$ cat coords_38.cif   # mmCIF, C-alpha atoms and all ligand atoms
data_target
#
loop_
_atom_site.group_PDB
_atom_site.id
_atom_site.type_symbol
_atom_site.label_atom_id
_atom_site.label_comp_id
_atom_site.auth_asym_id
_atom_site.auth_seq_id
_atom_site.Cartn_x
_atom_site.Cartn_y
_atom_site.Cartn_z
ATOM 1 C CA MET G 1 77.610 116.062 60.316
ATOM 2 C CA ARG G 2 75.853 118.699 62.370
ATOM 3 C CA ALA G 3 73.309 118.088 65.086
ATOM 4 C CA ILE G 4 70.535 120.661 65.229
ATOM 5 C CA MET G 5 68.425 120.816 68.392
ATOM 6 C CA ALA G 6 65.666 123.415 68.719
ATOM 7 C CA GLY G 7 67.268 125.330 65.901
ATOM 8 C CA VAL G 8 70.601 125.513 67.712
ATOM 9 C CA ASP G 9 73.698 123.936 66.254
ATOM 10 C CA VAL G 10 75.056 121.971 69.192
ATOM 11 C CA THR G 11 78.119 120.611 67.468
ATOM 12 C CA GLU G 12 79.893 123.896 66.932
ATOM 13 C CA PRO G 13 82.111 125.032 69.791
ATOM 14 C CA ILE G 14 81.066 128.231 71.516
ATOM 15 C CA LEU G 15 84.693 128.782 72.445
ATOM 16 C CA ALA G 16 87.859 127.621 70.722
ATOM 17 C CA ALA G 17 91.508 128.307 71.420
ATOM 18 C CA ARG G 18 94.150 127.527 68.812
ATOM 19 C CA ARG G 19 97.852 127.325 69.661
ATOM 20 C CA LEU G 20 97.390 129.912 72.365
ATOM 21 C CA THR G 21 100.722 131.129 73.709
ATOM 22 C CA ARG G 22 101.526 133.778 76.269
ATOM 23 C CA ILE G 23 105.081 134.966 76.698
ATOM 24 C CA VAL G 24 106.134 137.708 79.116
ATOM 25 C CA PRO G 25 109.451 139.529 79.525
ATOM 26 C CA ASN G 26 111.623 138.105 82.276
ATOM 27 C CA GLY G 27 114.706 140.210 82.835
ATOM 28 C CA ARG G 28 116.808 139.939 79.699
ATOM 29 C CA SER G 29 115.035 136.780 78.629
ATOM 30 C CA THR G 30 111.370 135.721 78.379
ATOM 31 C CA LEU G 31 109.030 133.437 80.266
ATOM 32 C CA THR G 32 106.477 131.249 78.479
ATOM 33 C CA ILE G 33 103.421 131.143 80.740
ATOM 34 C CA LEU G 34 101.175 129.294 78.270
ATOM 35 C CA HIS G 35 102.397 127.159 75.403
ATOM 36 C CA ASP G 36 100.345 126.115 72.347
ATOM 37 C CA ILE G 37 97.026 125.625 74.123
ATOM 38 C CA ASP G 38 94.330 124.018 71.969
ATOM 39 C CA LEU G 39 90.873 123.793 73.464
ATOM 40 C CA GLU G 40 87.252 123.603 72.390
ATOM 41 C CA VAL G 41 84.214 124.153 74.595
ATOM 42 C CA MET G 42 80.777 123.090 73.426
ATOM 43 C CA PRO G 43 77.559 124.988 74.218
ATOM 44 C CA GLY G 44 76.103 123.939 77.556
ATOM 45 C CA GLU G 45 79.226 122.170 78.658
ATOM 46 C CA VAL G 46 80.716 122.466 82.163
ATOM 47 C CA LEU G 47 84.455 122.336 81.589
ATOM 48 C CA GLY G 48 86.976 122.193 84.402
ATOM 49 C CA ILE G 49 90.522 123.387 83.777
ATOM 50 C CA VAL G 50 92.500 121.917 86.634
ATOM 51 C CA GLY G 51 96.065 122.592 87.633
ATOM 52 C CA ALA G 52 98.353 123.505 90.514
ATOM 53 C CA SER G 53 98.930 127.065 91.643
ATOM 54 C CA GLY G 54 101.132 128.856 89.117
ATOM 55 C CA SER G 55 100.322 126.465 86.260
ATOM 56 C CA GLY G 56 98.778 129.237 84.127
ATOM 57 C CA LYS G 57 95.045 128.852 84.818
ATOM 58 C CA SER G 58 94.194 132.499 85.468
ATOM 59 C CA THR G 59 96.302 133.607 82.516
ATOM 60 C CA LEU G 60 94.463 131.149 80.274
ATOM 61 C CA LEU G 61 91.050 132.241 81.537
ATOM 62 C CA ALA G 62 91.883 135.900 80.887
ATOM 63 C CA LEU G 63 92.818 135.051 77.288
ATOM 64 C CA LEU G 64 89.742 132.887 76.718
ATOM 65 C CA ALA G 65 87.470 135.646 78.029
ATOM 66 C CA GLY G 66 89.126 138.369 75.968
ATOM 67 C CA LEU G 67 90.385 140.211 79.044
ATOM 68 C CA ASP G 68 93.930 139.869 77.809
ATOM 69 C CA GLN G 69 95.648 139.183 74.492
ATOM 70 C CA PRO G 70 97.849 136.221 73.588
ATOM 71 C CA SER G 71 101.397 136.540 72.302
ATOM 72 C CA SER G 72 100.332 134.229 69.492
ATOM 73 C CA GLY G 73 97.432 131.957 68.673
ATOM 74 C CA ALA G 74 93.725 132.651 68.437
ATOM 75 C CA VAL G 75 90.560 132.671 70.513
ATOM 76 C CA VAL G 76 87.200 132.344 68.784
ATOM 77 C CA LEU G 77 84.265 133.184 71.062
ATOM 78 C CA ASP G 78 80.777 132.642 69.654
ATOM 79 C CA ARG G 79 82.233 132.682 66.119
ATOM 80 C CA VAL G 80 84.090 135.952 66.690
ATOM 81 C CA ASP G 81 87.887 135.936 66.382
ATOM 82 C CA LEU G 82 88.883 138.108 69.339
ATOM 83 C CA ALA G 83 92.080 139.198 67.588
ATOM 84 C CA SER G 84 89.938 140.963 64.980
ATOM 85 C CA LEU G 85 88.583 143.313 67.673
ATOM 86 C CA ASP G 86 90.136 146.259 69.470
ATOM 87 C CA GLU G 87 89.765 146.686 73.238
ATOM 88 C CA ASP G 88 86.363 148.375 72.869
ATOM 89 C CA GLY G 89 85.184 145.564 70.613
ATOM 90 C CA ARG G 90 86.333 142.932 73.079
ATOM 91 C CA ALA G 91 84.659 144.816 75.913
ATOM 92 C CA ALA G 92 81.427 144.826 73.912
ATOM 93 C CA VAL G 93 81.672 141.054 73.352
ATOM 94 C CA ARG G 94 82.322 140.499 77.056
ATOM 95 C CA SER G 95 79.390 142.670 78.069
ATOM 96 C CA ARG G 96 77.034 140.870 75.664
ATOM 97 C CA LEU G 97 78.197 137.256 76.049
ATOM 98 C CA VAL G 98 80.336 136.693 79.092
ATOM 99 C CA GLY G 99 79.878 136.437 82.846
ATOM 100 C CA PHE G 100 82.623 136.171 85.450
ATOM 101 C CA VAL G 101 82.926 134.688 88.912
ATOM 102 C CA PHE G 102 86.120 135.275 90.889
ATOM 103 C CA GLN G 103 87.758 133.718 93.926
ATOM 104 C CA SER G 104 87.567 137.027 95.796
ATOM 105 C CA PHE G 105 83.877 137.693 94.921
ATOM 106 C CA GLN G 106 84.676 141.236 93.681
ATOM 107 C CA LEU G 107 81.505 142.784 95.034
ATOM 108 C CA ILE G 108 81.289 146.534 95.536
ATOM 109 C CA GLY G 109 81.214 147.202 99.268
ATOM 110 C CA SER G 110 79.416 150.544 99.040
ATOM 111 C CA LEU G 111 76.444 148.978 97.209
ATOM 112 C CA THR G 112 73.786 146.621 98.555
ATOM 113 C CA ALA G 113 73.568 143.025 97.363
ATOM 114 C CA LEU G 114 70.672 144.021 95.088
ATOM 115 C CA GLU G 115 72.560 147.013 93.655
ATOM 116 C CA ASN G 116 75.570 144.805 92.961
ATOM 117 C CA VAL G 117 73.403 142.431 90.933
ATOM 118 C CA MET G 118 71.619 145.251 89.100
ATOM 119 C CA LEU G 119 74.847 147.000 88.130
ATOM 120 C CA PRO G 120 75.892 144.991 85.025
ATOM 121 C CA LEU G 121 72.422 145.471 83.503
ATOM 122 C CA GLU G 122 72.446 149.163 84.335
ATOM 123 C CA LEU G 123 75.821 149.496 82.628
ATOM 124 C CA GLN G 124 74.400 147.775 79.538
ATOM 125 C CA GLY G 125 71.646 150.394 79.557
ATOM 126 C CA ARG G 126 69.196 148.297 77.551
ATOM 127 C CA LEU G 127 66.397 147.674 80.054
ATOM 128 C CA PRO G 128 64.249 150.029 82.110
ATOM 129 C CA ILE G 129 65.287 150.164 85.743
ATOM 130 C CA ALA G 130 62.100 148.439 86.945
ATOM 131 C CA ARG G 131 62.848 145.425 84.711
ATOM 132 C CA ILE G 132 66.466 145.381 85.886
ATOM 133 C CA ARG G 133 65.350 145.356 89.497
ATOM 134 C CA GLU G 134 62.866 142.532 88.820
ATOM 135 C CA ARG G 135 65.507 140.391 87.191
ATOM 136 C CA ALA G 136 68.046 141.041 89.939
ATOM 137 C CA VAL G 137 65.518 140.280 92.687
ATOM 138 C CA ALA G 138 64.460 137.057 90.945
ATOM 139 C CA LEU G 139 68.061 135.881 90.719
ATOM 140 C CA LEU G 140 68.838 136.764 94.322
ATOM 141 C CA GLU G 141 65.736 134.794 95.319
ATOM 142 C CA ARG G 142 66.949 131.908 93.165
ATOM 143 C CA VAL G 143 70.274 131.803 95.006
ATOM 144 C CA GLY G 144 68.514 131.844 98.365
ATOM 145 C CA LEU G 145 69.167 135.452 99.335
ATOM 146 C CA ALA G 146 65.654 136.920 99.257
ATOM 147 C CA SER G 147 66.150 138.181 102.803
ATOM 148 C CA ARG G 148 69.523 139.810 102.053
ATOM 149 C CA LEU G 149 68.639 142.214 99.225
ATOM 150 C CA GLN G 150 69.503 145.378 101.135
ATOM 151 C CA HIS G 151 72.573 144.006 102.908
ATOM 152 C CA SER G 152 76.035 145.341 102.282
ATOM 153 C CA PRO G 153 78.337 142.557 101.056
ATOM 154 C CA ARG G 154 80.455 143.313 104.128
ATOM 155 C CA LEU G 155 77.684 141.897 106.307
ATOM 156 C CA LEU G 156 77.404 138.674 104.325
ATOM 157 C CA SER G 157 79.302 135.413 104.843
ATOM 158 C CA GLY G 158 81.751 134.261 102.173
ATOM 159 C CA GLY G 159 79.248 131.771 100.781
ATOM 160 C CA GLU G 160 76.543 134.439 100.655
ATOM 161 C CA GLN G 161 78.884 136.878 98.934
ATOM 162 C CA GLN G 162 79.732 134.291 96.295
ATOM 163 C CA ARG G 163 76.009 133.617 95.763
ATOM 164 C CA VAL G 164 75.490 137.353 95.170
ATOM 165 C CA ALA G 165 78.361 137.117 92.674
ATOM 166 C CA LEU G 166 76.605 134.192 90.942
ATOM 167 C CA ALA G 167 73.417 136.244 90.660
ATOM 168 C CA ARG G 168 75.421 139.149 89.245
ATOM 169 C CA ALA G 169 77.117 136.859 86.716
ATOM 170 C CA PHE G 170 73.839 135.336 85.479
ATOM 171 C CA VAL G 171 71.753 138.522 85.464
ATOM 172 C CA VAL G 172 73.045 139.565 82.035
ATOM 173 C CA GLU G 173 72.024 136.152 80.626
ATOM 174 C CA PRO G 174 75.534 135.404 79.409
ATOM 175 C CA ARG G 175 76.181 132.659 76.879
ATOM 176 C CA ILE G 176 79.340 131.635 78.682
ATOM 177 C CA LEU G 177 80.560 132.005 82.239
ATOM 178 C CA PHE G 178 84.158 131.961 83.402
ATOM 179 C CA ALA G 179 84.863 131.108 87.023
ATOM 180 C CA ASP G 180 88.387 131.491 88.446
ATOM 181 C CA GLU G 181 88.804 129.411 91.619
ATOM 182 C CA PRO G 182 85.218 130.160 92.689
ATOM 183 C CA THR G 183 85.626 128.098 95.870
ATOM 184 C CA GLY G 184 89.118 129.339 96.702
ATOM 185 C CA ASN G 185 87.988 131.527 99.614
ATOM 186 C CA LEU G 186 85.342 129.152 100.961
ATOM 187 C CA ASP G 187 85.424 126.173 103.299
ATOM 188 C CA ALA G 188 84.807 122.763 101.714
ATOM 189 C CA ALA G 189 81.103 122.500 102.581
ATOM 190 C CA THR G 190 80.283 126.062 101.479
ATOM 191 C CA GLY G 191 82.370 125.601 98.332
ATOM 192 C CA ALA G 192 80.424 122.453 97.465
ATOM 193 C CA GLU G 193 77.130 124.369 97.844
ATOM 194 C CA VAL G 194 78.333 127.207 95.646
ATOM 195 C CA ILE G 195 79.534 124.824 92.920
ATOM 196 C CA ALA G 196 76.249 122.893 93.015
ATOM 197 C CA MET G 197 74.383 126.183 92.609
ATOM 198 C CA LEU G 198 76.662 127.392 89.832
ATOM 199 C CA ILE G 199 76.176 124.179 87.859
ATOM 200 C CA ALA G 200 72.405 124.150 88.504
ATOM 201 C CA LEU G 201 72.105 127.735 87.217
ATOM 202 C CA ASN G 202 74.206 126.795 84.197
ATOM 203 C CA ARG G 203 71.876 123.889 83.361
ATOM 204 C CA GLU G 204 68.678 125.881 83.950
ATOM 205 C CA ARG G 205 69.767 128.783 81.806
ATOM 206 C CA GLY G 206 71.497 126.806 79.071
ATOM 207 C CA THR G 207 74.761 128.670 79.508
ATOM 208 C CA THR G 208 78.273 127.282 79.177
ATOM 209 C CA LEU G 209 80.651 127.163 82.102
ATOM 210 C CA VAL G 210 84.440 127.163 82.238
ATOM 211 C CA ILE G 211 85.820 126.722 85.761
ATOM 212 C CA VAL G 212 89.519 126.898 86.575
ATOM 213 C CA THR G 213 90.444 125.324 89.870
ATOM 214 C CA HIS G 214 93.082 123.416 91.769
ATOM 215 C CA ASP G 215 90.294 121.745 93.767
ATOM 216 C CA GLU G 216 89.646 118.120 92.795
ATOM 217 C CA ALA G 217 86.218 118.240 94.468
ATOM 218 C CA VAL G 218 85.225 120.956 91.991
ATOM 219 C CA ALA G 219 86.773 119.023 89.100
ATOM 220 C CA ALA G 220 84.653 115.996 90.017
ATOM 221 C CA ARG G 221 81.472 118.009 89.389
ATOM 222 C CA CYS G 222 82.400 119.054 85.837
ATOM 223 C CA ASP G 223 81.245 117.341 82.629
ATOM 224 C CA ARG G 224 84.803 117.263 81.378
ATOM 225 C CA VAL G 225 88.173 118.104 82.817
ATOM 226 C CA VAL G 226 91.389 119.157 81.133
ATOM 227 C CA ARG G 227 94.607 119.436 83.075
ATOM 228 C CA ILE G 228 97.221 122.134 82.822
ATOM 229 C CA ALA G 229 100.767 121.920 84.134
ATOM 230 C CA ALA G 230 103.483 124.536 83.610
ATOM 231 C CA GLY G 231 101.439 126.238 80.890
ATOM 232 C CA VAL G 232 100.808 123.098 78.846
ATOM 233 C CA LEU G 233 97.470 121.303 78.541
ATOM 234 C CA ALA G 234 97.692 117.571 79.071
ATOM 235 C CA PRO G 235 97.728 115.689 75.746
ATOM 236 C CA GLY G 236 94.611 113.895 74.624
ATOM 237 C CA THR G 237 92.245 116.642 75.722
ATOM 238 C CA LEU G 238 92.037 118.572 72.458
ATOM 239 C CA VAL G 239 88.645 117.673 71.064
ATOM 240 C CA ALA G 240 85.686 118.734 73.135
ATOM 241 C CA GLY G 241 82.629 116.621 73.561
ATOM 242 C CA THR G 242 84.177 113.283 72.622
ATOM 243 C CA ASP G 243 84.599 112.182 76.207
ATOM 244 C CA ARG G 244 81.384 113.714 77.454
ATOM 245 C CA GLY G 245 79.278 111.278 79.374
ATOM 246 C CA LEU G 246 82.227 109.071 80.227
ATOM 247 C CA ARG G 247 82.522 110.857 83.526
ATOM 248 C CA ALA G 248 79.722 109.929 85.868
HETATM 249 N N1 LIG P 1 102.295 139.404 83.729
HETATM 250 C C1 LIG P 1 103.099 138.443 84.204
HETATM 251 N N2 LIG P 1 104.435 138.604 84.220
HETATM 252 C C2 LIG P 1 105.254 137.636 84.684
HETATM 253 N N3 LIG P 1 104.823 136.470 85.156
HETATM 254 C C3 LIG P 1 103.512 136.245 85.177
HETATM 255 C C4 LIG P 1 102.567 137.212 84.700
HETATM 256 N N4 LIG P 1 101.322 136.701 84.844
HETATM 257 C C5 LIG P 1 101.476 135.474 85.382
HETATM 258 N N5 LIG P 1 102.783 135.188 85.577
HETATM 259 C C6 LIG P 1 103.360 133.921 86.072
HETATM 260 O O1 LIG P 1 102.831 132.898 85.261
HETATM 261 C C7 LIG P 1 102.547 131.733 86.016
HETATM 262 C C8 LIG P 1 101.068 131.373 85.875
HETATM 263 O O2 LIG P 1 100.280 132.344 86.551
HETATM 264 P P1 LIG P 1 98.709 132.170 86.733
HETATM 265 O O3 LIG P 1 98.076 132.100 85.391
HETATM 266 O O4 LIG P 1 98.247 133.239 87.638
HETATM 267 O O5 LIG P 1 98.625 130.740 87.427
HETATM 268 P P2 LIG P 1 97.442 130.054 88.257
HETATM 269 O O6 LIG P 1 96.206 130.843 88.056
HETATM 270 O O7 LIG P 1 97.362 128.656 87.710
HETATM 271 O O8 LIG P 1 97.892 130.029 89.680
HETATM 272 C C9 LIG P 1 102.964 132.053 87.435
HETATM 273 O O9 LIG P 1 104.266 131.573 87.613
HETATM 274 C C10 LIG P 1 102.935 133.563 87.476
HETATM 275 O O10 LIG P 1 103.835 134.055 88.430
HETATM 276 MG MG MG P 2 94.969 131.758 89.392
#
$ encode --input "coords_38.cif" --output "structure tokens" --more "lines below"
Ligand SMILES: Nc1ncnc2c1ncn2[C@@H]1O[C@H](COP(=O)(O)OP(=O)(O)O)[C@@H](O)[C@H]1O
Ligand SMILES: [Mg+2]
Amino acid sequence: MRAIMAGVDVTEPILAARRLTRIVPNGRSTLTILHDIDLEVMPGEVLGIVGASGSGKSTLLALLAGLDQPSSGAVVLDRVDLASLDEDGRAAVRSRLVGFVFQSFQLIGSLTALENVMLPLELQGRLPIARIRERAVALLERVGLASRLQHSPRLLSGGEQQRVALARAFVVEPRILFADEPTGNLDAATGAEVIAMLIALNRERGTTLVIVTHDEAVAARCDRVVRIAAGVLAPGTLVAGTDRGLRA
């Protein structure tokens, strides 16, 4: 049975992975980095994918976001089978639906904070520049950086840089956000602030959030956590939503 809320089907996953496998050449043999990953993410959910360094988290995120292609298996993002698209098609899906936050912030040093946040909307080319600026300013205000609009990222602290990156990720109004170790370059207190802000923005804007992390403090803030070890997702974590609410 389907649950319809405000005209939106909330029981259909926004993201599904089926038997996702990634194999790379390794000398004369091969290395299986991800093995038969099954995963569903429901709209609005904050999912943590937690595992040690080298367990395959970044590789998995790249496949889920359509940045990379699996050796076998499928990814369905917002009802679109990514394997049915070529690179341009996947880039179009990413631009329309997906936001990213990285461990290393990935801001452009030659642009101001405001220009960094405006850039994804300018690249989309759908809004007049005045509207783009308004939206970028509003988001930078929302993340507490109203007084840093004209700063170079080089002059900002790590926490401030990651808040600029959050504003940049949300400015395109993505349906789903992928964050790869978003606290990895921050101290514990700053990381906690950034995660709180990321989750608050996700709730406010009705987006969906997938965070990969090795940080248990981040995991504790997620609605649901799945664990990955040596490229395999822990059993019993296949069906999304069923254990929602069990975590306080
Ligand atoms: N293109 C590649 N070729 C060979 N090995 C790779 C490649 N990409 C990742 N790996 C290996 O796969 C494993 C998982 O990598 P990664 O997904 O980056 O892990 P994590 O993000 O959890 O630290 C690591 O052992 C890494 O060295
Ligand atoms: Mg990684």
$ closest_residue --input "coords_38.cif" --among "G:Arg131, G:Arg90, G:Arg221, G:Lys57" --to "Arg22 in chain G" --atoms "only C-alpha atoms"
G:Lys57
$ residues_near_ligand --input "coords_38.cif" --ligand "ligand LIG 1 (chain P)" --cutoff "10 Å" --atoms "all atoms listed in the file" --output "NGL selection string"
:G and (22-27 or 30-34 or 49-62 or 180-181 or 212-214 or 228-231)
$ atom_distance --input "coords_38.cif" --atom1 "CA of Arg224 in chain G" --atom2 "CA of Arg94 in chain G"
23.8 Å
$ closest_residue --input "coords_38.cif" --among "G:Gln150, G:Ser110, G:Gln103, G:Asn202" --to "ligand MG 2 (chain P)" --atoms "all atoms listed in the file"
G:Gln103
$ closest_residue --input "coords_38.cif" --among "G:Ala200, G:Val225, G:Pro182, G:Glu45" --to "ligand MG 2 (chain P)" --atoms "only C-alpha atoms and all ligand atoms"
G:Pro182
$ residues_near_point --input "coords_38.cif" --point "(74.5, 134.5, 95.4)" --cutoff "9 Å" --atoms "only C-alpha atoms" --output "list in words"
Ala113, Leu139, Leu140, Glu141, Arg142, Val143, Gly144, Leu145, Gly159, Glu160, Gln161, Gln162, Arg163, Val164, Ala165, Leu166, Ala167, Arg168, Val194 and Met197 of chain G
$ atom_distance --input "coords_38.cif" --atom1 "CA of Pro174 in chain G" --atom2 "CA of Arg227 in chain G"
25.1 Å
$ decode --input "coords_38.cif" --residues "range 76-96 of chain G" --atoms "N, CA and C atoms" --output "mmCIF file, in the first residue's frame"
data_model
loop_
_atom_site.group_PDB
_atom_site.id
_atom_site.type_symbol
_atom_site.label_atom_id
_atom_site.label_comp_id
_atom_site.auth_asym_id
_atom_site.auth_seq_id
_atom_site.Cartn_x
_atom_site.Cartn_y
_atom_site.Cartn_z
ATOM 1 N N VAL G 76 19.029 3.262 -9.241
ATOM 2 C CA VAL G 76 17.852 3.985 -9.706
ATOM 3 C C VAL G 76 17.715 5.237 -8.842
ATOM 4 N N LEU G 77 17.848 6.394 -9.478
ATOM 5 C CA LEU G 77 17.804 7.678 -8.774
ATOM 6 C C LEU G 77 16.583 8.439 -9.269
ATOM 7 N N ASP G 78 15.646 8.698 -8.350
ATOM 8 C CA ASP G 78 14.417 9.400 -8.713
ATOM 9 C C ASP G 78 13.758 8.747 -9.942
ATOM 10 N N ARG G 79 13.654 7.436 -9.877
ATOM 11 C CA ARG G 79 12.993 6.605 -10.900
ATOM 12 C C ARG G 79 13.785 6.456 -12.194
ATOM 13 N N VAL G 80 14.979 7.024 -12.252
ATOM 14 C CA VAL G 80 15.776 6.911 -13.475
ATOM 15 C C VAL G 80 16.884 5.879 -13.253
ATOM 16 N N ASP G 81 16.925 4.864 -14.113
ATOM 17 C CA ASP G 81 18.003 3.880 -14.078
ATOM 18 C C ASP G 81 19.250 4.528 -14.675
ATOM 19 N N LEU G 82 20.258 4.756 -13.836
ATOM 20 C CA LEU G 82 21.430 5.510 -14.314
ATOM 21 C C LEU G 82 22.157 4.799 -15.452
ATOM 22 N N ALA G 83 22.033 3.472 -15.494
ATOM 23 C CA ALA G 83 22.711 2.722 -16.563
ATOM 24 C C ALA G 83 22.103 3.011 -17.936
ATOM 25 N N SER G 84 20.875 3.556 -17.949
ATOM 26 C CA SER G 84 20.233 3.858 -19.223
ATOM 27 C C SER G 84 20.726 5.186 -19.802
ATOM 28 N N LEU G 85 21.573 5.889 -19.055
ATOM 29 C CA LEU G 85 22.037 7.217 -19.479
ATOM 30 C C LEU G 85 23.509 7.166 -19.879
ATOM 31 N N ASP G 86 23.902 8.029 -20.797
ATOM 32 C CA ASP G 86 25.327 8.204 -21.065
ATOM 33 C C ASP G 86 25.879 9.253 -20.092
ATOM 34 N N GLU G 87 27.163 9.576 -20.219
ATOM 35 C CA GLU G 87 27.777 10.496 -19.256
ATOM 36 C C GLU G 87 27.063 11.855 -19.241
ATOM 37 N N ASP G 88 26.686 12.353 -20.405
ATOM 38 C CA ASP G 88 25.965 13.634 -20.451
ATOM 39 C C ASP G 88 24.625 13.536 -19.725
ATOM 40 N N GLY G 89 23.950 12.411 -19.925
ATOM 41 C CA GLY G 89 22.655 12.202 -19.276
ATOM 42 C C GLY G 89 22.799 12.138 -17.767
ATOM 43 N N ARG G 90 23.856 11.443 -17.317
ATOM 44 C CA ARG G 90 24.081 11.368 -15.870
ATOM 45 C C ARG G 90 24.455 12.740 -15.311
ATOM 46 N N ALA G 91 25.245 13.482 -16.074
ATOM 47 C CA ALA G 91 25.603 14.834 -15.627
ATOM 48 C C ALA G 91 24.355 15.705 -15.508
ATOM 49 N N ALA G 92 23.422 15.535 -16.433
ATOM 50 C CA ALA G 92 22.185 16.318 -16.381
ATOM 51 C C ALA G 92 21.362 15.946 -15.151
ATOM 52 N N VAL G 93 21.295 14.649 -14.836
ATOM 53 C CA VAL G 93 20.576 14.204 -13.634
ATOM 54 C C VAL G 93 21.241 14.785 -12.384
ATOM 55 N N ARG G 94 22.566 14.722 -12.348
ATOM 56 C CA ARG G 94 23.277 15.260 -11.176
ATOM 57 C C ARG G 94 22.998 16.749 -11.018
ATOM 58 N N SER G 95 23.063 17.477 -12.114
ATOM 59 C CA SER G 95 22.873 18.923 -12.044
ATOM 60 C C SER G 95 21.467 19.278 -11.560
ATOM 61 N N ARG G 96 20.480 18.467 -11.953
ATOM 62 C CA ARG G 96 19.080 18.753 -11.644
ATOM 63 C C ARG G 96 18.699 18.278 -10.242
#
